[in-house]
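Dumped target13.tsv below, it's TSV, N, CA and C atoms:
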```
chain	number	residue	atom	x	y	z
A	49	MET	N	-66.63	53.86	29.28
A	49	MET	CA	-66.61	55.15	28.63
A	49	MET	C	-67.62	55.13	27.50
A	50	THR	N	-68.46	56.10	27.48
A	50	THR	CA	-69.47	56.22	26.43
A	50	THR	C	-68.97	57.17	25.36
A	51	LYS	N	-69.20	56.76	24.15
A	51	LYS	CA	-68.78	57.61	23.04
A	51	LYS	C	-70.02	58.17	22.38
A	52	SER	N	-69.97	59.45	22.17
A	52	SER	CA	-71.07	60.04	21.41
A	52	SER	C	-70.75	59.89	19.93
A	53	PRO	N	-71.74	59.91	19.09
A	53	PRO	CA	-71.48	59.74	17.66
A	53	PRO	C	-70.64	60.90	17.13
A	54	GLY	N	-69.62	60.60	16.30
A	54	GLY	CA	-68.80	61.62	15.67
A	54	GLY	C	-67.59	62.05	16.48
A	55	THR	N	-67.30	61.38	17.59
A	55	THR	CA	-66.11	61.74	18.36
A	55	THR	C	-65.11	60.60	18.32
A	56	ILE	N	-63.84	60.98	18.46
A	56	ILE	CA	-62.77	59.99	18.52
A	56	ILE	C	-62.37	59.88	19.97
A	57	VAL	N	-61.60	58.86	20.31
A	57	VAL	CA	-61.25	58.59	21.70
A	57	VAL	C	-60.56	59.78	22.34
A	58	ASP	N	-59.69	60.51	21.59
A	58	ASP	CA	-58.97	61.62	22.21
A	58	ASP	C	-59.81	62.89	22.30
A	59	GLY	N	-60.98	62.91	21.79
A	59	GLY	CA	-61.86	64.04	21.96
A	59	GLY	C	-61.94	64.95	20.75
A	60	SER	N	-61.10	64.79	19.71
A	60	SER	CA	-61.20	65.66	18.55
A	60	SER	C	-62.22	65.11	17.57
A	61	ARG	N	-62.67	65.98	16.74
A	61	ARG	CA	-63.70	65.60	15.78
A	61	ARG	C	-63.07	65.30	14.42
A	62	PRO	N	-63.57	64.31	13.70
A	62	PRO	CA	-62.99	63.95	12.42
A	62	PRO	C	-63.11	65.07	11.39
A	63	GLY	N	-64.10	65.88	11.42
A	63	GLY	CA	-64.26	66.98	10.48
A	63	GLY	C	-63.19	68.04	10.65
A	64	ARG	N	-62.80	68.28	11.85
A	64	ARG	CA	-61.78	69.29	12.14
A	64	ARG	C	-60.41	68.87	11.62
A	65	VAL	N	-60.03	67.60	11.78
A	65	VAL	CA	-58.77	67.09	11.29
A	65	VAL	C	-58.75	67.12	9.76
A	66	ALA	N	-59.82	66.73	9.15
A	66	ALA	CA	-59.90	66.72	7.69
A	66	ALA	C	-59.78	68.14	7.15
A	67	ARG	N	-60.36	69.11	7.84
A	67	ARG	CA	-60.27	70.50	7.43
A	67	ARG	C	-58.82	71.00	7.52
A	68	ARG	N	-58.13	70.62	8.59
A	68	ARG	CA	-56.72	71.02	8.75
A	68	ARG	C	-55.85	70.42	7.64
A	69	VAL	N	-56.05	69.15	7.37
A	69	VAL	CA	-55.29	68.49	6.31
A	69	VAL	C	-55.65	69.10	4.97
A	70	GLY	N	-56.90	69.43	4.76
A	70	GLY	CA	-57.35	70.04	3.51
A	70	GLY	C	-56.72	71.40	3.28
A	71	ILE	N	-56.38	72.10	4.32
A	71	ILE	CA	-55.72	73.41	4.18
A	71	ILE	C	-54.20	73.24	4.13
A	72	LEU	N	-53.67	72.34	4.93
A	72	LEU	CA	-52.24	72.17	5.05
A	72	LEU	C	-51.60	71.61	3.77
A	73	VAL	N	-52.23	70.68	3.10
A	73	VAL	CA	-51.66	70.07	1.90
A	73	VAL	C	-51.47	71.11	0.78
A	74	PRO	N	-52.46	71.92	0.43
A	74	PRO	CA	-52.22	72.92	-0.62
A	74	PRO	C	-51.16	73.96	-0.21
A	75	VAL	N	-51.15	74.34	1.06
A	75	VAL	CA	-50.14	75.31	1.52
A	75	VAL	C	-48.74	74.71	1.37
A	76	LEU	N	-48.57	73.44	1.75
A	76	LEU	CA	-47.27	72.79	1.60
A	76	LEU	C	-46.89	72.63	0.14
A	77	TRP	N	-47.87	72.34	-0.73
A	77	TRP	CA	-47.58	72.24	-2.17
A	77	TRP	C	-47.10	73.59	-2.72
A	78	ILE	N	-47.74	74.65	-2.31
A	78	ILE	CA	-47.33	75.98	-2.75
A	78	ILE	C	-45.91	76.29	-2.26
A	79	ALA	N	-45.61	75.92	-1.02
A	79	ALA	CA	-44.27	76.14	-0.48
A	79	ALA	C	-43.22	75.34	-1.24
A	80	VAL	N	-43.55	74.09	-1.59
A	80	VAL	CA	-42.62	73.26	-2.35
A	80	VAL	C	-42.39	73.85	-3.74
A	81	LEU	N	-43.46	74.28	-4.41
A	81	LEU	CA	-43.33	74.86	-5.74
A	81	LEU	C	-42.55	76.17	-5.70
A	82	ALA	N	-42.79	76.99	-4.69
A	82	ALA	CA	-42.04	78.24	-4.56
A	82	ALA	C	-40.56	77.96	-4.31
A	83	SER	N	-40.27	76.98	-3.49
A	83	SER	CA	-38.88	76.62	-3.23
A	83	SER	C	-38.20	76.10	-4.50
A	84	ALA	N	-38.90	75.29	-5.27
A	84	ALA	CA	-38.34	74.77	-6.52
A	84	ALA	C	-38.09	75.91	-7.51
A	85	ALA	N	-39.04	76.84	-7.61
A	85	ALA	CA	-38.87	77.98	-8.51
A	85	ALA	C	-37.68	78.84	-8.07
A	86	GLY	N	-37.53	79.02	-6.78
A	86	GLY	CA	-36.39	79.78	-6.27
A	86	GLY	C	-35.07	79.09	-6.58
A	87	ALA	N	-35.01	77.78	-6.43
A	87	ALA	CA	-33.79	77.04	-6.73
A	87	ALA	C	-33.45	77.13	-8.22
A	88	ILE	N	-34.46	77.03	-9.07
A	88	ILE	CA	-34.24	77.14	-10.52
A	88	ILE	C	-33.75	78.54	-10.86
A	89	GLY	N	-34.34	79.56	-10.26
A	89	GLY	CA	-33.91	80.94	-10.50
A	89	GLY	C	-32.48	81.18	-10.06
A	90	CYS	N	-32.11	80.65	-8.92
A	90	CYS	CA	-30.73	80.80	-8.43
A	90	CYS	C	-29.74	80.10	-9.34
A	91	LYS	N	-30.09	78.91	-9.81
A	91	LYS	CA	-29.20	78.16	-10.70
A	91	LYS	C	-29.03	78.91	-12.03
A	92	HIS	N	-30.11	79.46	-12.55
A	92	HIS	CA	-30.04	80.22	-13.80
A	92	HIS	C	-29.16	81.46	-13.64
A	93	ARG	N	-29.33	82.17	-12.54
A	93	ARG	CA	-28.52	83.36	-12.28
A	93	ARG	C	-27.04	82.99	-12.14
A	94	ALA	N	-26.77	81.88	-11.47
A	94	ALA	CA	-25.38	81.44	-11.31
A	94	ALA	C	-24.76	81.13	-12.67
A	95	ARG	N	-25.53	80.52	-13.57
A	95	ARG	CA	-25.01	80.23	-14.91
A	95	ARG	C	-24.76	81.52	-15.69
A	96	GLU	N	-25.66	82.48	-15.58
A	96	GLU	CA	-25.45	83.76	-16.26
A	96	GLU	C	-24.18	84.44	-15.75
A	97	LEU	N	-23.99	84.43	-14.44
A	97	LEU	CA	-22.81	85.06	-13.85
A	97	LEU	C	-21.54	84.33	-14.25
A	98	PHE	N	-21.60	83.01	-14.39
A	98	PHE	CA	-20.43	82.25	-14.81
A	98	PHE	C	-20.05	82.59	-16.25
A	99	VAL	N	-21.05	82.72	-17.12
A	99	VAL	CA	-20.78	83.09	-18.51
A	99	VAL	C	-20.15	84.48	-18.55
A	100	ARG	N	-20.67	85.40	-17.76
A	100	ARG	CA	-20.11	86.76	-17.70
A	100	ARG	C	-18.66	86.72	-17.19
A	101	LEU	N	-18.41	85.91	-16.18
A	101	LEU	CA	-17.06	85.76	-15.65
A	101	LEU	C	-16.10	85.26	-16.72
A	102	GLU	N	-16.51	84.25	-17.47
A	102	GLU	CA	-15.67	83.71	-18.53
A	102	GLU	C	-15.38	84.77	-19.59
A	103	THR	N	-16.38	85.56	-19.94
A	103	THR	CA	-16.20	86.62	-20.92
A	103	THR	C	-15.19	87.65	-20.43
A	104	LEU	N	-15.34	88.07	-19.19
A	104	LEU	CA	-14.43	89.06	-18.62
A	104	LEU	C	-13.00	88.52	-18.49
A	105	GLU	N	-12.87	87.25	-18.15
A	105	GLU	CA	-11.53	86.66	-18.07
A	105	GLU	C	-10.88	86.62	-19.45
A	106	GLY	N	-11.66	86.34	-20.51
A	106	GLY	CA	-11.13	86.37	-21.86
A	106	GLY	C	-10.67	87.77	-22.25
A	107	GLN	N	-11.47	88.78	-21.89
A	107	GLN	CA	-11.08	90.16	-22.17
A	107	GLN	C	-9.80	90.52	-21.41
A	108	ARG	N	-9.72	90.08	-20.16
A	108	ARG	CA	-8.52	90.35	-19.37
A	108	ARG	C	-7.28	89.74	-20.02
A	109	ASP	N	-7.42	88.51	-20.49
A	109	ASP	CA	-6.28	87.85	-21.15
A	109	ASP	C	-5.86	88.59	-22.41
A	110	ASN	N	-6.84	89.05	-23.19
A	110	ASN	CA	-6.53	89.81	-24.41
A	110	ASN	C	-5.83	91.13	-24.07
A	111	LEU	N	-6.29	91.79	-23.01
A	111	LEU	CA	-5.65	93.04	-22.60
A	111	LEU	C	-4.23	92.81	-22.08
A	112	ASP	N	-4.01	91.68	-21.40
A	112	ASP	CA	-2.66	91.36	-20.94
A	112	ASP	C	-1.73	91.15	-22.13
A	113	ILE	N	-2.21	90.48	-23.16
A	113	ILE	CA	-1.40	90.26	-24.37
A	113	ILE	C	-1.08	91.60	-25.03
A	114	GLU	N	-2.10	92.44	-25.16
A	114	GLU	CA	-1.89	93.75	-25.78
A	114	GLU	C	-0.90	94.59	-24.96
A	115	TRP	N	-1.01	94.54	-23.64
A	115	TRP	CA	-0.11	95.30	-22.76
A	115	TRP	C	1.33	94.84	-22.97
A	116	GLY	N	1.55	93.54	-23.06
A	116	GLY	CA	2.89	93.03	-23.30
A	116	GLY	C	3.44	93.49	-24.64
A	117	GLN	N	2.59	93.50	-25.65
A	117	GLN	CA	3.03	93.97	-26.97
A	117	GLN	C	3.38	95.45	-26.93
A	118	LEU	N	2.58	96.23	-26.23
A	118	LEU	CA	2.88	97.67	-26.12
A	118	LEU	C	4.17	97.92	-25.36
A	119	GLN	N	4.44	97.13	-24.34
A	119	GLN	CA	5.69	97.29	-23.60
A	119	GLN	C	6.89	96.96	-24.49
A	120	LEU	N	6.76	95.91	-25.31
A	120	LEU	CA	7.84	95.58	-26.25
A	120	LEU	C	8.04	96.70	-27.26
A	121	GLU	N	6.95	97.24	-27.75
A	121	GLU	CA	7.03	98.33	-28.72
A	121	GLU	C	7.69	99.56	-28.10
A	122	GLN	N	7.31	99.88	-26.87
A	122	GLN	CA	7.89	101.04	-26.19
A	122	GLN	C	9.39	100.84	-25.97
A	123	SER	N	9.78	99.66	-25.59
A	123	SER	CA	11.21	99.43	-25.36
A	123	SER	C	11.98	99.50	-26.68
A	124	ALA	N	11.35	99.07	-27.77
A	124	ALA	CA	12.03	99.15	-29.07
A	124	ALA	C	12.16	100.61	-29.51
A	125	TRP	N	11.16	101.42	-29.26
A	125	TRP	CA	11.18	102.81	-29.68
A	125	TRP	C	12.15	103.65	-28.85
A	126	SER	N	12.42	103.23	-27.67
A	126	SER	CA	13.28	104.04	-26.79
A	126	SER	C	14.76	103.69	-26.89
A	127	THR	N	15.11	102.76	-27.76
A	127	THR	CA	16.53	102.43	-27.89
A	127	THR	C	17.27	103.57	-28.60
A	128	HIS	N	18.54	103.70	-28.28
A	128	HIS	CA	19.35	104.78	-28.86
A	128	HIS	C	19.44	104.65	-30.38
A	129	ALA	N	19.60	103.43	-30.86
A	129	ALA	CA	19.73	103.21	-32.31
A	129	ALA	C	18.47	103.63	-33.05
A	130	PHE	N	17.31	103.32	-32.49
A	130	PHE	CA	16.05	103.68	-33.14
A	130	PHE	C	15.89	105.20	-33.19
A	131	VAL	N	16.15	105.87	-32.08
A	131	VAL	CA	16.01	107.33	-32.02
A	131	VAL	C	16.98	107.97	-33.01
A	132	GLU	N	18.20	107.47	-33.07
A	132	GLU	CA	19.19	108.03	-34.00
A	132	GLU	C	18.77	107.80	-35.45
A	133	ASN	N	18.22	106.64	-35.74
A	133	ASN	CA	17.77	106.34	-37.09
A	133	ASN	C	16.63	107.26	-37.51
A	134	VAL	N	15.66	107.49	-36.63
A	134	VAL	CA	14.55	108.40	-36.93
A	134	VAL	C	15.07	109.82	-37.12
A	135	ALA	N	16.01	110.24	-36.29
A	135	ALA	CA	16.58	111.58	-36.42
A	135	ALA	C	17.28	111.75	-37.77
A	136	ARG	N	17.99	110.75	-38.22
A	136	ARG	CA	18.71	110.85	-39.50
A	136	ARG	C	17.76	110.79	-40.69
A	137	THR	N	16.81	109.84	-40.67
A	137	THR	CA	15.98	109.63	-41.86
A	137	THR	C	14.81	110.61	-41.95
A	138	LYS	N	14.04	110.74	-40.90
A	138	LYS	CA	12.84	111.58	-40.99
A	138	LYS	C	13.13	113.05	-40.73
A	139	LEU	N	14.02	113.35	-39.81
A	139	LEU	CA	14.29	114.74	-39.47
A	139	LEU	C	15.53	115.29	-40.18
A	140	ARG	N	16.23	114.43	-40.86
A	140	ARG	CA	17.45	114.79	-41.61
A	140	ARG	C	18.48	115.49	-40.72
A	141	MET	N	18.63	114.98	-39.55
A	141	MET	CA	19.62	115.53	-38.62
A	141	MET	C	20.95	114.81	-38.83
A	142	THR	N	22.03	115.53	-38.66
A	142	THR	CA	23.37	114.94	-38.76
A	142	THR	C	24.20	115.39	-37.57
A	143	THR	N	25.25	114.67	-37.32
A	143	THR	CA	26.18	115.05	-36.26
A	143	THR	C	27.01	116.22	-36.78
A	144	PRO	N	27.14	117.30	-36.01
A	144	PRO	CA	27.92	118.45	-36.48
A	144	PRO	C	29.42	118.10	-36.55
A	145	PRO	N	30.15	118.80	-37.39
A	145	PRO	CA	31.60	118.56	-37.42
A	145	PRO	C	32.23	118.98	-36.09
A	146	PRO	N	33.37	118.43	-35.74
A	146	PRO	CA	33.99	118.72	-34.43
A	146	PRO	C	34.28	120.20	-34.21
A	147	GLN	N	34.62	120.96	-35.23
A	147	GLN	CA	34.91	122.39	-35.04
A	147	GLN	C	33.65	123.20	-34.73
A	148	ALA	N	32.44	122.63	-35.01
A	148	ALA	CA	31.19	123.33	-34.71
A	148	ALA	C	30.68	123.05	-33.31
A	149	ILE	N	31.31	122.15	-32.60
A	149	ILE	CA	30.86	121.76	-31.25
A	149	ILE	C	31.56	122.67	-30.25
A	150	ARG	N	30.81	123.28	-29.34
A	150	ARG	CA	31.36	124.12	-28.29
A	150	ARG	C	30.95	123.57	-26.95
A	151	LEU	N	31.86	123.52	-26.03
A	151	LEU	CA	31.58	123.09	-24.68
A	151	LEU	C	31.30	124.31	-23.82
A	152	VAL	N	30.28	124.25	-23.03
A	152	VAL	CA	29.91	125.36	-22.16
A	152	VAL	C	30.12	124.91	-20.71
A	153	SER	N	30.86	125.68	-19.97
A	153	SER	CA	31.10	125.37	-18.55
A	153	SER	C	29.97	125.94	-17.71
A	154	PRO	N	29.65	125.26	-16.65
A	154	PRO	CA	28.56	125.76	-15.79
A	154	PRO	C	28.97	126.96	-14.96
```

For the file at hand, write its structure as structure tokens.
Amino acid sequence: MTKSPGTIVDGSRPGRVARRVGILVPVLWIAVLASAAGAIGCKHRARELFVRLETLEGQRDNLDIEWGQLQLEQSAWSTHAFVENVARTKLRMTTPPPQAIRLVSP
């Protein structure tokens, strides 16, 4: 088998392979850098969302505490003794004497 100058045994030329490698390496580097930038961006976004989640959970806990306090306050205000006390002190209401009470039949 005779070889002409500049050819390899399989028939490809050394300049062509070098050109392919010369193009492929920078393209792969750009792909690696883009992938790394994407991973960094995703990690940053995940951290931001986690901080937001923690903030919202804290707000939820505070609202749950406030809701419980309001329920206790409402139950205290609706007791018969409290309503009667407010009626006597602030509204100056009194129970009428028995002769002033009239029963009405339906």

Inset, instruction - Provide the atom C of Gln122 (chain A) to atom N of Leu104 (chain A) distance in Å, to one decimal place. - result: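 Pair atom C of Gln122 (chain A) / atom N of Leu104 (chain A) returns 28.6 Å.
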
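The space separating CA of Ala85 (chain A) from CA of Leu101 (chain A) comes to 24.2 Å.
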
Inset, instruction - Could you give me the residues within chain A that DSSP places in helix (DSSP H, G or I), as a PyMOL selection string? - result: chain A and resi 62-125+128-137+146-148

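Rounded to one decimal, atom C of His128 (chain A) and atom C of Thr142 (chain A) lie 13.8 Å from each other.
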
If I wrap all listed atoms of region 88-105 of chain A in a box with edges along x, y and z and add 5 Å on each side, what are its centre and edge lengths in Å to one decimal, as lines of an AutoDock Vina configuration file?
```
center_x = -22.7
center_y = 83.0
center_z = -14.7
size_x = 33.6
size_y = 22.0
size_z = 22.5
```

How would region 66-135 of chain A of the given structure read as a file with C-alpha atoms, as a tab-separated table (two decimals), in the first residue's frame?
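See decode-v1.tsv below for the written result:
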```tsv
chain	number	residue	atom	x	y	z
A	66	ALA	CA	-7.43	19.07	14.10
A	67	ARG	CA	-10.07	21.46	12.78
A	68	ARG	CA	-12.87	19.35	14.31
A	69	VAL	CA	-11.10	19.20	17.66
A	70	GLY	CA	-10.39	22.94	17.45
A	71	ILE	CA	-14.12	23.63	17.10
A	72	LEU	CA	-15.39	20.92	19.44
A	73	VAL	CA	-13.29	21.87	22.50
A	74	PRO	CA	-14.53	25.50	22.74
A	75	VAL	CA	-18.12	24.39	22.12
A	76	LEU	CA	-17.85	21.82	24.92
A	77	TRP	CA	-16.28	24.43	27.23
A	78	ILE	CA	-19.17	26.79	26.57
A	79	ALA	CA	-21.65	23.98	27.27
A	80	VAL	CA	-19.89	23.13	30.55
A	81	LEU	CA	-19.84	26.79	31.63
A	82	ALA	CA	-23.51	27.24	30.72
A	83	SER	CA	-24.42	24.12	32.66
A	84	ALA	CA	-22.46	25.32	35.71
A	85	ALA	CA	-24.12	28.75	35.53
A	86	GLY	CA	-27.53	27.08	35.31
A	87	ALA	CA	-26.79	24.90	38.34
A	88	ILE	CA	-25.63	27.92	40.34
A	89	GLY	CA	-28.76	29.86	39.34
A	90	CYS	CA	-31.03	26.98	40.35
A	91	LYS	CA	-29.29	26.60	43.71
A	92	HIS	CA	-29.59	30.35	44.38
A	93	ARG	CA	-33.30	30.33	43.50
A	94	ALA	CA	-33.88	27.31	45.75
A	95	ARG	CA	-32.22	29.16	48.65
A	96	GLU	CA	-34.35	32.25	48.04
A	97	LEU	CA	-37.51	30.14	47.99
A	98	PHE	CA	-36.46	28.36	51.19
A	99	VAL	CA	-35.96	31.68	52.98
A	100	ARG	CA	-39.39	32.82	51.76
A	101	LEU	CA	-40.92	29.54	52.98
A	102	GLU	CA	-39.39	29.99	56.43
A	103	THR	CA	-40.71	33.56	56.60
A	104	LEU	CA	-44.22	32.48	55.64
A	105	GLU	CA	-44.19	29.61	58.13
A	106	GLY	CA	-43.21	32.09	60.87
A	107	GLN	CA	-46.09	34.36	59.87
A	108	ARG	CA	-48.44	31.38	59.89
A	109	ASP	CA	-47.34	30.43	63.40
A	110	ASN	CA	-47.88	34.00	64.62
A	111	LEU	CA	-51.35	34.08	63.08
A	112	ASP	CA	-52.20	30.75	64.71
A	113	ILE	CA	-51.21	32.17	68.10
A	114	GLU	CA	-53.26	35.31	67.50
A	115	TRP	CA	-56.26	33.22	66.39
A	116	GLY	CA	-56.10	31.18	69.59
A	117	GLN	CA	-55.97	34.34	71.68
A	118	LEU	CA	-58.95	35.79	69.84
A	119	GLN	CA	-60.94	32.60	70.39
A	120	LEU	CA	-60.18	32.77	74.12
A	121	GLU	CA	-61.20	36.41	74.20
A	122	GLN	CA	-64.44	35.68	72.36
A	123	SER	CA	-65.33	32.87	74.72
A	124	ALA	CA	-64.64	35.12	77.71
A	125	TRP	CA	-66.82	37.90	76.31
A	126	SER	CA	-69.73	35.61	75.59
A	127	THR	CA	-70.08	34.24	79.12
A	128	HIS	CA	-73.28	35.11	80.97
A	129	ALA	CA	-71.40	36.64	83.90
A	130	PHE	CA	-69.41	38.99	81.65
A	131	VAL	CA	-72.50	40.16	79.74
A	132	GLU	CA	-74.37	40.74	83.00
A	133	ASN	CA	-71.45	42.66	84.47
A	134	VAL	CA	-71.22	44.95	81.41
A	135	ALA	CA	-74.99	45.49	81.51
```
